[in-house]
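Take a look at the structure below.
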Amino acid sequence: MIPLHKFNNLPRILKLRKAASLIRNAEHRLIVTGLLSLEEVEYFCSMAEILAEDCKLKAITLETLKRAQSSFTSIIKENEKGEYRRILNNLHHVLLLETGKTQADWDFIESSGALDSSKRQPFPGMQVYLEDIRSPFNVGSMFRAAESFGVEKIWLSPLCADPRHKRAERTAMGCVDIMLWEQLKLEPFSMEEFRGPVFALETGGIPLSDFHFPPKGVLIAGSEELGVSPAALAAADASLGRVSIPVRGAKGSLNVSVAFGIVIQAWSESLCVLYHTEAQSSQSSHRNSR
């Protein structure tokens with residue numbers, strides 16, 4: 001790390017950028033190793049003190065620096081680890097704002113690590129078809145929601161963003177590695193897997209609260225710009241139809257990954273109720289047969 005006397009003599013913006021970079025690197029080391037030395041804590045305590053002398057800082061930045069300095073001092077005196085990461089993370093973000101740079105979502109430091117696929121509890125037959133989802137962020141977010149709410153398998157149209165794109169993988173946070181998924185090259189509605197119930201997430205359909213989700217089926221979510229294609233809508237209309245999320249805002253629509261998460265959670269909840277009811281019925285029948 002740069003000596004503090006040299007750091008203090010840097011031009012203002014360069015000093016802020018250097019501090020943000022050092023703090024970000026420290027946060028990353030903390031994630032990887034789980035440790036920060038007391039020497040580093042002392043260094044950042046002194047750095048915070050130097051930065052707090054800047055009279056041009058925003059009030060929120062100054063407050064964050066003072067809180068960090070107080071926390072670092074407490075850690076040093078007690079010779080124990082505190083909530084290091086939150087302190088460093090908050091400092092990093094306010095210093096970036098001071099330089100006029102905002103955080104991009106691909107810059108976030110995540111620490112979830114590899115996921116244990118054995119802990120997955122998918123619902124058999126709960127599948128989704130992502131049709132022409134262009135954004136890697138949306139694909140990654142939809143993978144994460146699908147894994148969280150028990151989707152068994154994800155199908156992707158040929159024009160979907162690649163789930164292995166670095167930004168998709170970053171947003172999915174390990175879910176691409178443990179989800180069952182497949183990129184399609186053929187018209188999906190001619191495949192055996194799509195001859196069961198299908199329904200589309202699209203405007204003008206049955207309100208979410210009134211929609212009857214199937215025990216097994218395929219949910220279709222379409223392009224950010226164009227929605228679900230006519231062919232896919234025809235397949236859905238010939239099966240279970242369309243499900244819509246009522247909105248009350250001026251925009252009148254939601255980001256596709258947000259809407260997808262809402263509908264997947266509702267489907268998952270309906271399956272939880274179904275499985276619980278079936279389990280109770282089975283237990284009752286077993287008792288009555290004895």
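Please note that chains go A, B, ... in the order of the structure tokens, that every chain numbers its residues from 1, and that ligands are numbered from 1 in the order shown.
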
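Within 9 Å of stretch 58-62 of chain A there are Leu51, Ala52, Glu53, Asp54, Cys55, Lys56, Thr64, Leu65, Lys66, Arg67, Leu91, Val94, Leu95, Leu97 and Glu98 of chain A, counting only C-alpha atoms and ignoring same-chain residues fewer than 2 positions away.
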
What parts of stretch 4-239 of chain A does DSSP call helix (DSSP H, G or I)? I'd like the answer as a PyMOL selection string.
chain A and resi 4-8+12-33+38-51+59-78+84-98+105-107+117-119+136-148+166-172+175-178+188-190+192-194+208-210+230-237

Using only C-alpha atoms, which protein or nucleic acid residues come within 9 Å of A:Ser268? Drop anything in the same chain fewer than 6 positions from it, and give the result as a ChimeraX atom specification.
/A:123,126,149-151

Keeping only C-alpha atoms, write the selected residues to a file as a CSV table (one decimal), in the first residue's frame.
chain,number,residue,atom,x,y,z
A,123,PHE,CA,-40.4,-29.4,-8.2
A,126,MET,CA,-41.6,-27.2,-13.1
A,149,PHE,CA,-38.0,-21.1,-6.3
A,150,GLY,CA,-37.5,-24.7,-7.3
A,151,VAL,CA,-37.5,-24.7,-11.1

Near-A:Leu159 list (8 Å; only C-alpha atoms; drop same-chain fewer than 6 positions) as a ChimeraX atom specification
/A:131-134

Would you export the selected residues with C-alpha atoms as a PDB file, in the first residue's frame, please?
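Result file follows (selection_34.pdb):
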ATOM      1  CA  GLU A 131     -37.338 -16.819 -25.378  1.00  0.00           C
ATOM      2  CA  ASP A 132     -34.891 -14.313 -26.862  1.00  0.00           C
ATOM      3  CA  ILE A 133     -33.845 -12.732 -23.554  1.00  0.00           C
ATOM      4  CA  ARG A 134     -31.034 -10.514 -24.846  1.00  0.00           C
TER       5      ARG A 134
END

Selection: 9 Å around A:Leu130, only C-alpha atoms, excl. self and same-chain fewer than 3 positions, as a VMD selection string:
chain A and resid 133 139 142 154 to 157 160 219 to 223

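The shell of residues at most 9 Å from A:Tyr43, with only C-alpha atoms counted and near chain neighbours (fewer than 5 positions) removed, consists of Leu4, Leu38 and Ala48 of chain A.
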
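Proximity ranking of A:Ala145, A:Met47, A:Leu36, A:Ile31 relative to A:Gln265 places A:Ala145 first, based on only C-alpha atoms.
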
Polymer residues at most 6 Å from A:Lys153, only C-alpha atoms, same-chain spacing of 5 or more positions, as a PyMOL selection string:
chain A and resi 127+180-181

Output file for the residues above (N, CA and C atoms, as a short mmCIF file (atom, residue, chain, number, x, y, z; two decimals), in the first residue's frame):
data_model
loop_
_atom_site.label_atom_id
_atom_site.label_comp_id
_atom_site.auth_asym_id
_atom_site.auth_seq_id
_atom_site.Cartn_x
_atom_site.Cartn_y
_atom_site.Cartn_z
N GLN A 127 -40.85 -26.20 -15.23
CA GLN A 127 -39.83 -25.79 -16.19
C GLN A 127 -40.17 -24.41 -16.77
N LEU A 180 -30.30 -27.30 -14.05
CA LEU A 180 -30.41 -28.09 -15.27
C LEU A 180 -30.92 -27.15 -16.37
N TRP A 181 -30.13 -26.96 -17.43
CA TRP A 181 -30.55 -26.06 -18.49
C TRP A 181 -30.04 -26.54 -19.84
#

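Counting only C-alpha atoms and comparing A:Pro197, A:Pro230, A:Pro124, A:Pro136, the residue that lies closest to A:Arg167 is A:Pro136.
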
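The two atoms in question, atom CA of A:Val273 and atom CA of A:Phe213, are spaced 11.3 Å apart.
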
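Of the residues under consideration (A:Phe189, A:Tyr275, A:Trp267, A:Phe72), A:Trp267 shows the shortest atom-to-atom contact distance to A:Ser209 when counting only C-alpha atoms.
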
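Picture a line from atom CA of A:Leu115 to atom CA of A:Leu184; it runs 25.3 Å.
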
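Minimum atom-to-atom distances from A:Glu83, A:Leu16, A:Glu63, A:Lys119 to A:Gly34 were compared using only C-alpha atoms, and the lowest value belongs to A:Glu83.
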
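Using only C-alpha atoms, the shortest contact distance between A:Gly252 and any of A:Asp210, A:Asn8, A:Thr203, A:Lys166 is found at A:Thr203.
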